[in-house]
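Here is my_file_16.txt, consisting of compact mmCIF, C-alpha atoms and all ligand atoms:
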```
# COMPACT_ATOMS: atom_id res chain seq x y z
CA MET A 10 48.04 -25.68 14.54
CA ARG A 11 50.66 -28.34 15.11
CA ARG A 12 48.29 -30.17 17.45
CA TYR A 13 45.53 -30.17 14.86
CA ARG A 14 47.82 -31.56 12.24
CA ALA A 15 48.99 -34.34 14.51
CA LEU A 16 45.59 -35.21 15.89
CA ALA A 17 43.19 -34.78 13.06
CA PRO A 18 44.59 -34.61 9.56
CA GLY A 19 41.27 -35.98 8.32
CA ILE A 20 39.49 -32.85 9.50
CA VAL A 21 41.91 -30.57 7.71
CA LEU A 22 41.32 -32.67 4.63
CA LEU A 23 37.58 -32.32 5.00
CA LEU A 24 37.66 -28.57 5.52
CA THR A 25 39.98 -27.69 2.70
CA GLY A 26 39.08 -30.42 0.27
CA LEU A 27 42.79 -30.77 -0.39
CA THR A 28 44.90 -33.83 0.13
CA LEU A 29 47.70 -33.41 2.63
CA PRO A 30 51.21 -33.90 1.35
CA ALA A 31 52.75 -37.30 2.04
CA SER A 32 54.96 -37.15 5.13
CA GLY A 33 58.18 -37.19 3.08
CA GLN A 34 57.02 -34.22 1.03
CA GLN A 35 55.80 -32.37 4.06
CA MET A 36 59.37 -31.80 5.17
CA GLN A 37 60.36 -30.63 1.70
CA ARG A 38 61.23 -26.95 1.63
CA GLY A 39 61.27 -25.38 -1.78
CA ALA A 40 61.55 -26.88 -5.22
CA HIS A 41 63.81 -29.87 -5.84
CA ARG A 42 65.30 -31.94 -8.61
CA THR A 43 64.75 -35.67 -8.92
CA PRO A 44 67.83 -37.84 -9.68
CA ASP A 45 66.90 -37.69 -13.40
CA GLY A 46 67.58 -33.95 -13.20
CA LEU A 47 63.97 -32.87 -13.68
CA PRO A 48 62.87 -29.83 -11.67
CA HIS A 49 59.84 -30.22 -9.40
CA VAL A 50 57.96 -27.30 -7.90
CA ASP A 51 57.15 -26.97 -4.19
CA ARG A 52 53.78 -28.60 -3.72
CA SER A 53 53.00 -27.15 -0.29
CA ARG A 54 53.93 -23.60 -1.32
CA LEU A 55 51.70 -23.81 -4.40
CA GLU A 56 48.88 -25.25 -2.31
CA HIS A 57 49.33 -22.58 0.36
CA ASN A 58 49.17 -19.76 -2.21
CA LEU A 59 46.06 -21.23 -3.82
CA LEU A 60 44.36 -21.51 -0.44
CA THR A 61 45.39 -18.00 0.62
CA LEU A 62 44.13 -16.39 -2.60
CA GLY A 63 41.00 -18.55 -2.30
CA GLU A 64 40.15 -16.81 0.99
CA ILE A 65 39.92 -13.41 -0.72
CA GLY A 66 36.31 -12.76 -1.67
CA ARG A 67 35.14 -16.14 -0.41
CA ASP A 68 31.46 -16.23 0.49
CA PRO A 69 31.41 -17.79 3.99
CA VAL A 70 28.01 -19.37 3.39
CA THR A 71 28.38 -20.95 -0.05
CA GLY A 72 32.18 -21.12 -0.26
CA GLY A 73 31.90 -19.42 -3.66
CA ILE A 74 34.35 -16.77 -4.79
CA GLU A 75 32.92 -13.27 -5.24
CA ARG A 76 35.77 -11.49 -6.94
CA VAL A 77 34.09 -9.79 -9.87
CA ALA A 78 36.51 -7.44 -11.63
CA PHE A 79 37.27 -4.25 -9.71
CA SER A 80 35.09 -5.22 -6.72
CA ALA A 81 36.60 -4.63 -3.27
CA ALA A 82 37.65 -8.30 -3.16
CA ASP A 83 39.26 -8.14 -6.61
CA LEU A 84 41.20 -5.04 -5.54
CA GLU A 85 42.31 -6.83 -2.37
CA ALA A 86 43.44 -9.83 -4.45
CA ARG A 87 45.36 -7.47 -6.75
CA ARG A 88 47.21 -5.92 -3.80
CA TRP A 89 48.00 -9.36 -2.37
CA PHE A 90 49.27 -10.61 -5.73
CA ILE A 91 51.46 -7.54 -6.31
CA THR A 92 53.11 -8.16 -2.93
CA ARG A 93 53.63 -11.84 -3.76
CA LEU A 94 55.23 -10.96 -7.11
CA GLU A 95 57.57 -8.47 -5.43
CA GLU A 96 58.51 -10.99 -2.75
CA ALA A 97 59.33 -13.44 -5.52
CA GLY A 98 61.82 -10.93 -6.91
CA LEU A 99 59.84 -9.49 -9.81
CA SER A 100 59.52 -5.80 -10.54
CA VAL A 101 55.85 -4.89 -10.89
CA ARG A 102 54.16 -2.31 -13.03
CA ILE A 103 50.47 -1.64 -13.69
CA ASP A 104 49.76 -0.88 -17.33
CA GLU A 105 47.26 1.64 -18.70
CA ILE A 106 44.31 -0.82 -18.57
CA ALA A 107 45.23 -1.99 -15.04
CA ASN A 108 46.88 -5.27 -15.98
CA ILE A 109 49.43 -6.29 -13.35
CA ILE A 110 52.77 -7.13 -14.96
CA GLY A 111 55.64 -8.65 -12.95
CA THR A 112 58.97 -8.86 -14.77
CA LEU A 113 62.01 -10.99 -14.02
CA PRO A 114 64.95 -9.79 -16.10
CA GLY A 115 66.64 -12.30 -18.38
CA GLN A 116 70.35 -12.74 -18.90
CA ASN A 117 69.89 -11.35 -22.38
CA PRO A 118 68.16 -8.01 -21.86
CA GLU A 119 67.64 -7.69 -25.63
CA ALA A 120 65.52 -10.85 -25.83
CA GLU A 121 61.73 -10.75 -26.11
CA ALA A 122 59.81 -11.82 -23.00
CA ILE A 123 58.29 -15.20 -22.27
CA VAL A 124 54.89 -14.24 -20.82
CA LEU A 125 52.79 -16.29 -18.39
CA GLY A 126 49.28 -14.98 -17.81
CA SER A 127 45.81 -15.52 -16.41
CA HIS A 128 43.36 -13.60 -14.22
CA LEU A 129 42.41 -12.87 -10.60
CA ASP A 130 38.78 -11.86 -11.21
CA SER A 131 35.93 -14.36 -10.90
CA VAL A 132 32.33 -14.68 -11.99
CA PRO A 133 29.77 -14.16 -9.18
CA GLN A 134 29.83 -17.29 -7.00
CA GLY A 135 32.80 -18.64 -8.91
CA GLY A 136 35.41 -21.13 -7.82
CA ARG A 137 38.90 -20.97 -6.32
CA PHE A 138 40.77 -22.20 -9.41
CA ASP A 139 39.46 -20.38 -12.48
CA GLY A 140 42.20 -17.89 -13.33
CA ALA A 141 43.82 -18.24 -9.90
CA LEU A 142 45.45 -21.56 -10.77
CA GLY A 143 47.32 -20.09 -13.74
CA LEU A 144 48.69 -17.19 -11.73
CA MET A 145 49.61 -19.26 -8.67
CA ILE A 146 51.45 -21.74 -10.91
CA ALA A 147 53.27 -18.87 -12.66
CA LEU A 148 54.27 -17.51 -9.24
CA GLU A 149 55.42 -20.95 -8.10
CA LEU A 150 57.46 -21.31 -11.29
CA VAL A 151 59.45 -18.18 -10.42
CA GLU A 152 59.90 -19.31 -6.80
CA ALA A 153 61.05 -22.74 -7.97
CA MET A 154 63.52 -21.19 -10.41
CA ARG A 155 64.96 -19.18 -7.54
CA ASP A 156 65.24 -22.29 -5.33
CA LEU A 157 67.02 -24.21 -8.09
CA ASN A 158 69.16 -21.32 -9.40
CA ILE A 159 67.59 -21.58 -12.83
CA LEU A 160 68.36 -18.51 -14.91
CA LEU A 161 66.62 -17.71 -18.17
CA SER A 162 68.09 -15.93 -21.12
CA HIS A 163 64.70 -14.33 -21.89
CA PRO A 164 62.95 -11.94 -19.54
CA LEU A 165 59.93 -13.59 -17.89
CA GLU A 166 56.67 -11.72 -17.37
CA ILE A 167 53.76 -12.78 -15.19
CA VAL A 168 50.56 -10.97 -16.13
CA SER A 169 47.24 -10.77 -14.35
CA PHE A 170 44.84 -9.52 -17.01
CA SER A 171 42.06 -7.16 -15.91
CA ASP A 172 38.46 -8.37 -16.07
CA GLU A 173 38.86 -11.60 -18.00
CA GLU A 174 35.38 -12.81 -17.08
CA GLY A 175 33.60 -9.69 -18.31
CA GLY A 176 35.07 -9.96 -21.82
CA LEU A 177 38.87 -10.21 -21.86
CA LEU A 178 39.28 -6.49 -21.08
CA GLY A 179 42.99 -6.53 -20.20
CA SER A 180 44.15 -8.82 -22.97
CA ARG A 181 42.12 -6.87 -25.53
CA GLY A 182 44.02 -3.84 -24.24
CA TRP A 183 47.23 -5.61 -25.25
CA ILE A 184 46.06 -6.26 -28.81
CA GLY A 185 44.57 -2.81 -29.29
CA THR A 186 40.93 -3.77 -29.82
CA LEU A 187 39.48 -1.72 -26.95
CA THR A 188 37.37 1.32 -27.80
CA GLY A 189 36.18 4.36 -25.89
CA GLU A 190 32.91 2.47 -25.36
CA ASP A 191 34.71 -0.22 -23.35
CA LEU A 192 35.99 2.55 -21.06
CA GLU A 193 32.42 3.71 -20.35
CA GLU A 194 31.39 0.18 -19.29
CA GLU A 195 30.02 0.23 -15.72
CA TYR A 196 31.55 -1.74 -12.89
CA HIS A 197 29.61 -1.75 -9.61
CA GLY A 198 27.72 1.36 -10.74
CA ARG A 199 30.74 3.37 -11.90
CA PRO A 200 32.34 3.74 -15.32
CA LEU A 201 35.68 2.07 -15.93
CA THR A 202 37.26 5.51 -16.41
CA ALA A 203 36.55 6.31 -12.73
CA ILE A 204 37.86 2.92 -11.60
CA LEU A 205 41.10 3.44 -13.52
CA ARG A 206 41.51 6.89 -11.96
CA ASP A 207 41.08 5.32 -8.48
CA LEU A 208 43.99 3.04 -9.36
CA GLY A 209 46.12 6.07 -10.18
CA LEU A 210 45.81 5.55 -13.94
CA ASP A 211 44.86 7.99 -16.67
CA PRO A 212 41.95 6.50 -18.65
CA GLU A 213 42.81 8.73 -21.63
CA THR A 214 45.97 6.67 -22.16
CA PHE A 215 44.27 3.24 -22.36
CA SER A 216 45.42 2.64 -25.94
CA GLN A 217 49.05 2.71 -24.75
CA ALA A 218 48.51 -0.63 -23.02
CA ARG A 219 48.93 -2.13 -26.50
CA ARG A 220 51.92 -4.46 -26.82
CA SER A 221 54.01 -5.04 -29.89
CA PRO A 222 54.56 -8.58 -31.26
CA ASP A 223 58.30 -7.99 -31.03
CA GLU A 224 58.09 -7.64 -27.25
CA ILE A 225 56.74 -11.16 -26.70
CA ALA A 226 58.60 -14.36 -27.62
CA ALA A 227 55.82 -16.69 -26.44
CA TYR A 228 52.70 -16.67 -24.25
CA LEU A 229 51.69 -19.53 -21.95
CA GLU A 230 48.59 -19.90 -19.80
CA VAL A 231 47.63 -22.65 -17.39
CA HIS A 232 43.91 -22.93 -16.71
CA ILE A 233 41.42 -25.41 -15.33
CA GLU A 234 39.76 -27.46 -18.03
CA GLN A 235 36.17 -26.52 -17.06
CA GLY A 236 34.99 -29.76 -18.66
CA ARG A 237 35.37 -33.44 -17.85
CA VAL A 238 37.42 -34.85 -20.70
CA LEU A 239 40.63 -35.16 -18.67
CA GLU A 240 38.90 -36.64 -15.64
CA ARG A 241 37.00 -39.17 -17.73
CA GLU A 242 40.21 -40.31 -19.41
CA GLY A 243 42.23 -40.35 -16.17
CA LEU A 244 44.69 -37.70 -17.42
CA GLN A 245 46.56 -35.02 -15.49
CA ILE A 246 47.31 -32.54 -18.25
CA GLY A 247 45.58 -31.17 -21.32
CA ILE A 248 47.74 -29.52 -23.97
CA VAL A 249 45.52 -27.10 -25.83
CA GLU A 250 45.65 -27.23 -29.62
CA GLY A 251 43.61 -24.06 -29.89
CA ILE A 252 40.65 -22.09 -28.64
CA VAL A 253 37.45 -22.77 -30.53
CA ALA A 254 35.76 -20.50 -33.02
CA LEU A 255 32.51 -19.22 -31.52
CA ASP A 256 29.39 -17.84 -33.17
CA GLU A 257 26.24 -16.55 -31.51
CA TYR A 258 23.01 -15.94 -33.42
CA GLU A 259 19.56 -14.75 -32.58
CA ILE A 260 16.85 -16.53 -34.53
CA THR A 261 13.49 -14.82 -34.95
CA VAL A 262 10.48 -16.87 -36.05
CA HIS A 263 7.44 -14.89 -37.17
CA GLY A 264 3.99 -16.52 -37.15
CA THR A 265 0.46 -15.30 -36.57
CA ALA A 266 -0.96 -14.51 -33.13
CA ASN A 267 -4.37 -16.00 -32.61
CA HIS A 268 -6.87 -17.31 -30.07
CA ALA A 269 -5.66 -20.41 -28.24
CA GLY A 270 -9.19 -21.80 -27.97
CA THR A 271 -10.86 -21.11 -31.28
CA THR A 272 -8.00 -21.67 -33.75
CA ARG A 273 -7.95 -25.26 -35.01
CA MET A 274 -4.56 -26.93 -34.90
CA SER A 275 -4.44 -27.19 -38.71
CA ASP A 276 -5.09 -23.45 -39.06
CA ARG A 277 -2.16 -22.29 -36.95
CA GLU A 278 1.05 -20.51 -37.97
CA ASP A 279 2.67 -21.08 -34.58
CA PRO A 280 6.24 -19.74 -34.29
CA MET A 281 6.79 -21.42 -30.91
CA ALA A 282 6.01 -24.88 -32.27
CA ALA A 283 8.36 -24.16 -35.20
CA ALA A 284 11.08 -22.87 -32.85
CA ALA A 285 10.77 -26.01 -30.74
CA ARG A 286 11.39 -28.17 -33.83
CA MET A 287 14.33 -25.97 -34.80
CA VAL A 288 15.90 -26.33 -31.35
CA VAL A 289 15.66 -30.10 -31.58
CA SER A 290 17.12 -30.01 -35.11
CA ILE A 291 20.20 -28.17 -33.77
CA ARG A 292 21.04 -31.14 -31.59
CA GLU A 293 20.43 -33.52 -34.50
CA GLU A 294 22.78 -31.51 -36.72
CA VAL A 295 25.53 -31.35 -34.06
CA GLU A 296 25.28 -35.08 -33.40
CA ALA A 297 25.45 -35.78 -37.13
CA GLN A 298 28.66 -33.70 -37.41
CA GLY A 299 30.25 -35.34 -34.35
CA GLY A 300 33.77 -34.34 -33.28
CA ASP A 301 34.20 -31.34 -30.99
CA LEU A 302 31.24 -29.33 -32.29
CA VAL A 303 28.89 -28.09 -29.54
CA ALA A 304 25.78 -25.90 -29.71
CA THR A 305 23.49 -24.45 -27.08
CA VAL A 306 20.14 -22.67 -27.03
CA GLY A 307 20.42 -20.60 -23.86
CA ARG A 308 17.63 -18.10 -24.27
CA ILE A 309 14.13 -18.30 -25.72
CA ALA A 310 11.20 -15.92 -25.54
CA VAL A 311 7.80 -15.55 -27.18
CA GLU A 312 5.53 -12.57 -27.83
CA PRO A 313 3.04 -11.59 -26.65
CA GLY A 314 3.70 -14.24 -24.01
CA ALA A 315 0.23 -15.04 -22.71
CA PRO A 316 -0.94 -18.55 -21.82
CA ASN A 317 -4.07 -18.29 -23.96
CA VAL A 318 -2.54 -16.69 -27.08
CA ILE A 319 -0.73 -18.43 -29.94
CA PRO A 320 2.45 -16.32 -30.13
CA SER A 321 3.22 -13.98 -33.00
CA VAL A 322 6.99 -14.20 -32.57
CA ALA A 323 9.48 -16.65 -31.03
CA ARG A 324 13.11 -15.72 -30.56
CA PHE A 325 15.98 -17.91 -29.46
CA THR A 326 19.77 -17.78 -29.39
CA ILE A 327 22.31 -20.27 -30.67
CA ASP A 328 25.85 -20.47 -29.25
CA ILE A 329 27.89 -22.77 -31.49
CA ARG A 330 31.60 -23.62 -31.21
CA ASP A 331 34.21 -25.75 -32.93
CA PRO A 332 38.01 -25.63 -33.21
CA SER A 333 37.56 -25.51 -37.00
CA ARG A 334 35.87 -22.57 -38.69
CA ILE A 335 35.18 -24.81 -41.71
CA ILE A 336 33.17 -27.31 -39.63
CA LEU A 337 31.37 -24.50 -37.83
CA ASP A 338 30.40 -22.83 -41.12
CA ARG A 339 29.23 -26.15 -42.57
CA ALA A 340 26.98 -26.73 -39.53
CA ILE A 341 25.50 -23.24 -39.90
CA THR A 342 24.79 -23.77 -43.60
CA ASN A 343 23.01 -27.03 -42.77
CA LEU A 344 21.03 -25.38 -39.96
CA ILE A 345 19.85 -22.63 -42.30
CA ASP A 346 18.49 -25.38 -44.62
CA ARG A 347 16.88 -27.29 -41.75
CA PHE A 348 15.21 -24.15 -40.36
CA ASP A 349 13.96 -23.13 -43.82
CA SER A 350 12.24 -26.44 -44.37
CA ILE A 351 10.70 -26.41 -40.87
CA ALA A 352 9.49 -22.85 -41.49
CA ARG A 353 7.86 -23.93 -44.78
CA GLU A 354 6.09 -26.83 -43.10
CA GLU A 355 4.88 -24.68 -40.20
CA GLY A 356 3.86 -21.66 -42.32
CA VAL A 357 6.18 -19.25 -40.50
CA MET A 358 9.09 -16.96 -41.46
CA VAL A 359 12.57 -17.34 -40.00
CA GLY A 360 15.38 -14.75 -39.74
CA TRP A 361 18.97 -14.97 -38.54
CA GLU A 362 20.92 -12.21 -36.81
CA THR A 363 24.61 -12.59 -36.02
CA LEU A 364 25.39 -11.49 -32.46
CA VAL A 365 29.01 -12.62 -32.13
CA GLN A 366 31.61 -14.20 -34.43
CA ILE A 367 34.94 -14.99 -32.83
CA PRO A 368 37.63 -16.66 -34.92
CA ALA A 369 39.45 -19.74 -33.67
CA ALA A 370 42.81 -19.07 -31.98
CA PRO A 371 45.16 -21.96 -32.73
CA ALA A 372 48.03 -22.65 -30.38
CA ASP A 373 51.53 -22.53 -31.86
CA GLN A 374 52.80 -25.93 -33.05
CA MET A 375 56.32 -25.41 -31.70
CA VAL A 376 54.87 -24.49 -28.29
CA ILE A 377 52.53 -27.53 -28.39
CA ASP A 378 55.50 -29.78 -29.22
CA THR A 379 57.51 -28.28 -26.35
CA LEU A 380 54.67 -28.86 -23.88
CA LEU A 381 54.31 -32.43 -25.15
CA GLU A 382 58.05 -32.96 -24.75
CA ALA A 383 57.97 -31.64 -21.17
CA ALA A 384 54.91 -33.72 -20.20
CA ALA A 385 56.56 -36.86 -21.63
CA LEU A 386 59.77 -36.23 -19.65
CA TYR A 387 57.83 -36.44 -16.38
CA GLY A 388 55.57 -39.23 -17.58
CA TYR A 389 52.46 -37.30 -16.59
CA PRO A 390 49.49 -38.68 -18.54
CA HIS A 391 48.28 -36.08 -21.00
CA ARG A 392 46.49 -35.44 -24.27
CA VAL A 393 46.07 -32.72 -26.87
CA MET A 394 42.61 -31.13 -26.85
CA PRO A 395 40.71 -28.00 -27.88
CA SER A 396 39.56 -25.30 -25.46
CA GLY A 397 35.80 -24.82 -25.69
CA ALA A 398 35.98 -21.76 -23.44
CA GLY A 399 37.48 -18.38 -24.25
CA HIS A 400 40.64 -17.23 -22.48
CA ASP A 401 43.04 -14.28 -22.57
CA ALA A 402 45.29 -16.60 -24.60
CA GLN A 403 42.98 -16.12 -27.60
CA SER A 404 43.82 -12.41 -27.61
CA ILE A 405 47.54 -12.89 -27.09
CA ALA A 406 47.69 -15.51 -29.87
CA ARG A 407 47.47 -12.53 -32.22
CA LEU A 408 50.75 -11.18 -30.81
CA ALA A 409 52.91 -14.21 -30.14
CA PRO A 410 53.17 -18.00 -30.33
CA MET A 411 50.60 -19.18 -27.76
CA GLY A 412 50.18 -22.35 -25.74
CA MET A 413 47.90 -23.46 -22.91
CA LEU A 414 47.89 -26.25 -20.34
CA PHE A 415 44.69 -27.55 -18.78
CA ALA A 416 44.44 -29.10 -15.32
CA PRO A 417 41.50 -31.46 -14.73
CA SER A 418 38.34 -30.05 -13.14
CA VAL A 419 36.80 -32.56 -10.74
CA GLY A 420 33.34 -33.44 -12.05
CA GLY A 421 33.91 -31.00 -14.91
CA LEU A 422 32.52 -28.24 -12.67
CA SER A 423 33.54 -24.59 -12.94
CA HIS A 424 32.02 -21.14 -12.45
CA SER A 425 30.69 -22.73 -9.29
CA PRO A 426 31.66 -22.88 -5.60
CA ALA A 427 32.17 -26.63 -6.19
CA GLU A 428 34.98 -26.00 -8.69
CA PHE A 429 37.97 -28.12 -7.66
CA THR A 430 41.32 -29.23 -9.04
CA ARG A 431 43.45 -31.77 -7.20
CA THR A 432 46.80 -30.53 -5.92
CA GLU A 433 48.74 -33.35 -7.58
CA ASP A 434 47.32 -32.32 -10.95
CA ALA A 435 48.16 -28.66 -10.31
CA VAL A 436 51.71 -29.73 -9.39
CA ALA A 437 52.01 -31.79 -12.58
CA CYS A 438 50.97 -28.75 -14.64
CA ALA A 439 53.44 -26.55 -12.77
CA ASP A 440 56.31 -28.99 -13.33
CA VAL A 441 55.53 -29.23 -17.03
CA LEU A 442 55.21 -25.46 -17.35
CA LEU A 443 58.56 -24.97 -15.63
CA ARG A 444 60.36 -27.47 -17.86
CA ALA A 445 58.60 -26.12 -20.97
CA VAL A 446 59.66 -22.55 -20.16
CA MET A 447 63.28 -23.75 -19.78
CA LEU A 448 63.04 -25.57 -23.13
CA LEU A 449 61.45 -22.57 -24.85
CA ASP A 450 64.15 -20.34 -23.40
CA GLN A 451 66.66 -22.39 -25.41
CA LYS A 452 64.55 -22.76 -28.55
CA LEU A 453 63.29 -19.20 -28.95
CA PRO A 454 65.51 -16.56 -30.54
ZN ZN B 501 39.30 -18.23 -16.46
```
Could you take the file, read its structure, and then write that structure out as structure tokens?
Ligand SMILES: [Zn+2]
Amino acid sequence: MRRYRALAPGIVLLLTGLTLPASGQQMQRGAHRTPDGLPHVDRSRLEHNLLTLGEIGRDPVTGGIERVAFSAADLEARRWFITRLEEAGLSVRIDEIANIIGTLPGQNPEAEAIVLGSHLDSVPQGGRFDGALGLMIALELVEAMRDLNILLSHPLEIVSFSDEEGGLLGSRGWIGTLTGEDLEEEYHGRPLTAILRDLGLDPETFSQARRSPDEIAAYLEVHIEQGRVLEREGLQIGIVEGIVALDEYEITVHGTANHAGTTRMSDREDPMAAAARMVVSIREEVEAQGGDLVATVGRIAVEPGAPNVIPSVARFTIDIRDPSRIILDRAITNLIDRFDSIAREEGVMVGWETLVQIPAAPADQMVIDTLLEAAALYGYPHRVMPSGAGHDAQSIARLAPMGMLFAPSVGGLSHSPAEFTRTEDAVACADVLLRAVMLLDQKLP
């Protein structure tokens, strides 16, 4: 190993995609303080933990991470993480919905906990950083506090939420919105109830995973951006102002099925042609609104679906998101008008069905200000921005003041084997999180 390092650092770089620490830092053991008194986490330890976790469930051919919730690889990652938490001095418990909770006692045992969370599970063929980065930074924060003898007044909890990717299972357990139906959901061919029993849990007790707002002083989550705003602007840190409101609709356009050869163009009531115009009008509406609004048509189908038949029905979905519910609702109102006039012109009928409506989850202003203060202390370039993706933080925002940090995703890629975040950016996020937790420890009651 030593020989490889000395002879061919470039090869190590190529294989791991990670930059090697500068020679001065390579000798560094543990976290340190710079002369200005600011704490800095241990870069090589953070990098090592990210790489080690990134080997669990890694597809050797594609390099993608196959750690879908409660798969063998996810269970292996859970065991590895529990051991890491215990080695870092936390006491670990598994709650009724299989969330892993590591607790570091505070000097004031009466105080509510500062909670740091994210997830170990991945999408199929996911990347090494989605979820993992937040937990590895939380772990490094505790290790760095130990190195630097930093004691908190508040208890600190590190939480790995169960099945984030499948629909925020674990964090919904905390806010009490799970139902018996969620427990019957199948994972790898078996209901969740059976999986929970395998883990030594009693599925009947799932509702007891619920947490009370007076147990949690604040919730913080570090995550990869999964977009390219930070990279484009040359920034190291995103401070999330909130998680967007999200609506999903299914639009059904009814026309008249007819012969593709004998029906003159002027005689058609073609729902597919109308749907095509509607899809284009969505982009026009979103561009007219500007700002952070985004909308996607991800699924479209026609009936009967034959090459030589004018369809009778076209159906498509709309996924539309904005940090502001007001802007989102205004866009929807305008789209209803646009679709109605297209339908009139095309001689078809249009119907809307709501599939999903998720409210926006704003971050807490005091937490945002604290994260801004910490980022400014280090001089790491940063900005405030919305999160277009859902995260466990949107659940926990209902219980406690919430804040999130984003680390840049190279090329904006995520949910992909090519997902990558540079170590120096991960370190910047970890430093800021550490300092922010120390500041919050003083500010929070
Ligand atoms: Zn994630």
Near stretch 320-326 of chain A, within 8 Å and counting only C-alpha atoms, which residues show up once chain neighbours fewer than 3 positions away are dropped, as a compact mmCIF listing (two decimals) with C-alpha atoms, in the frame of the given file?
```
# COMPACT_ATOMS: atom_id res chain seq x y z
CA GLU A 257 26.24 -16.55 -31.51
CA TYR A 258 23.01 -15.94 -33.42
CA GLU A 259 19.56 -14.75 -32.58
CA ILE A 260 16.85 -16.53 -34.53
CA THR A 261 13.49 -14.82 -34.95
CA VAL A 262 10.48 -16.87 -36.05
CA HIS A 263 7.44 -14.89 -37.17
CA GLY A 264 3.99 -16.52 -37.15
CA THR A 265 0.46 -15.30 -36.57
CA ALA A 266 -0.96 -14.51 -33.13
CA ASN A 267 -4.37 -16.00 -32.61
CA ASP A 279 2.67 -21.08 -34.58
CA PRO A 280 6.24 -19.74 -34.29
CA MET A 281 6.79 -21.42 -30.91
CA ALA A 284 11.08 -22.87 -32.85
CA THR A 305 23.49 -24.45 -27.08
CA VAL A 306 20.14 -22.67 -27.03
CA GLY A 307 20.42 -20.60 -23.86
CA ARG A 308 17.63 -18.10 -24.27
CA ILE A 309 14.13 -18.30 -25.72
CA ALA A 310 11.20 -15.92 -25.54
CA VAL A 311 7.80 -15.55 -27.18
CA GLU A 312 5.53 -12.57 -27.83
CA PRO A 313 3.04 -11.59 -26.65
CA GLY A 314 3.70 -14.24 -24.01
CA ALA A 315 0.23 -15.04 -22.71
```
So which residues are near ligand ZN 501 (chain B), meaning at most 12 Å away with all atoms listed in the file counted, given back as JSON, numbers by chain?
{"A": [77, 126, 127, 128, 129, 130, 131, 132, 135, 136, 137, 138, 139, 140, 141, 142, 143, 144, 169, 170, 171, 172, 173, 174, 175, 176, 177, 230, 231, 232, 233, 234, 235, 396, 397, 398, 399, 400, 401, 402, 403, 413, 415, 423, 424, 428]}
Coordinates of box centre and edge lengths for stretch 98-112 of chain A, 4 Å on every side, axis-aligned, as lines of an AutoDock Vina configuration file:
```
center_x = 53.1
center_y = -4.6
center_z = -12.8
size_x = 25.5
size_y = 20.6
size_z = 19.8
```
Leaving out A:Arg67 and any residue of its chain fewer than 4 positions from it, which residues lie within 10 Å of it when counting all atoms listed in the file, given as a ChimeraX atom specification?
/A:62-63,71-76,82,134-137,426
Could you turn the residues from that selection into a file that holds C-alpha atoms, as a compact mmCIF listing (two decimals), in the coordinates of the input?
```txt
# COMPACT_ATOMS: atom_id res chain seq x y z
CA LEU A 62 44.13 -16.39 -2.60
CA GLY A 63 41.00 -18.55 -2.30
CA THR A 71 28.38 -20.95 -0.05
CA GLY A 72 32.18 -21.12 -0.26
CA GLY A 73 31.90 -19.42 -3.66
CA ILE A 74 34.35 -16.77 -4.79
CA GLU A 75 32.92 -13.27 -5.24
CA ARG A 76 35.77 -11.49 -6.94
CA ALA A 82 37.65 -8.30 -3.16
CA GLN A 134 29.83 -17.29 -7.00
CA GLY A 135 32.80 -18.64 -8.91
CA GLY A 136 35.41 -21.13 -7.82
CA ARG A 137 38.90 -20.97 -6.32
CA PRO A 426 31.66 -22.88 -5.60
```
Return the single residue from A:His41, A:Arg273, A:Lys452, A:His391 that is closest to A:Val238, with distances computed using all atoms listed in the file.
A:His391
Can you tell me, as an mmCIF file with C-alpha atoms, keeping the file's coordinate frame, what residues are no more than 6 Å from A:Ala383 when counting all atoms listed in the file, ignoring any on the same chain fewer than 5 positions away?
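The new file part-v2.cif reads:
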```cif
data_model
loop_
_atom_site.group_PDB
_atom_site.id
_atom_site.type_symbol
_atom_site.label_atom_id
_atom_site.label_comp_id
_atom_site.auth_asym_id
_atom_site.auth_seq_id
_atom_site.Cartn_x
_atom_site.Cartn_y
_atom_site.Cartn_z
ATOM 1 C CA VAL A 441 55.530 -29.230 -17.030
ATOM 2 C CA ARG A 444 60.360 -27.470 -17.860
ATOM 3 C CA ALA A 445 58.600 -26.120 -20.970
#
```
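Note that atom CA of A:Leu337 and atom CA of A:Ala304 are 10.0 Å apart.
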Please, what distance in Å, to one decimal, runs between atom CA of A:Glu95 and atom CA of A:Ala406?
27.3 Å
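Atom CA of A:Pro222 lies 20.5 Å from atom CA of A:Gln116.
Of the listed residues A:Glu242, A:Asp207, A:Asp450, A:Glu149, the one whose atoms come nearest to A:Glu121 is A:Asp450, with distances taken using only C-alpha atoms.
Remark: residues at most 12 Å from position (33.7, 1.8, -21.6) in file coordinates are A:Ile106, A:Gly175, A:Gly176, A:Leu178, A:Leu187, A:Thr188, A:Gly189, A:Glu190, A:Asp191, A:Leu192, A:Glu193, A:Glu194, A:Glu195, A:Tyr196, A:Arg199, A:Pro200, A:Leu201, A:Thr202, A:Ala203, A:Ile204, A:Leu205, A:Pro212, A:Glu213, A:Phe215, using all atoms listed in the file.
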Tell me which of A:Pro164, A:Gly299, A:Pro454, A:Gly270 sits closest to A:Asn117, counting all atoms listed in the file.
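When distances to A:Asn117 are compared using all atoms listed in the file, the smallest one comes from A:Pro164.
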List as an NGL selection string the protein and nucleic acid residues near A:Leu239, meaning an atom at most 6 Å away when only C-alpha atoms are counted, but skip any in the same chain fewer than 4 places from it.
:A and (243-244 or 417)
Since we have the selection now, will you write its residues out, keeping C-alpha atoms, as a PDB file, in the frame of the given file?
```pdb
ATOM      1  CA  GLY A 243      42.230 -40.350 -16.170  1.00  0.00           C
ATOM      2  CA  LEU A 244      44.690 -37.700 -17.420  1.00  0.00           C
ATOM      3  CA  PRO A 417      41.500 -31.460 -14.730  1.00  0.00           C
TER       4      PRO A 417
END
```
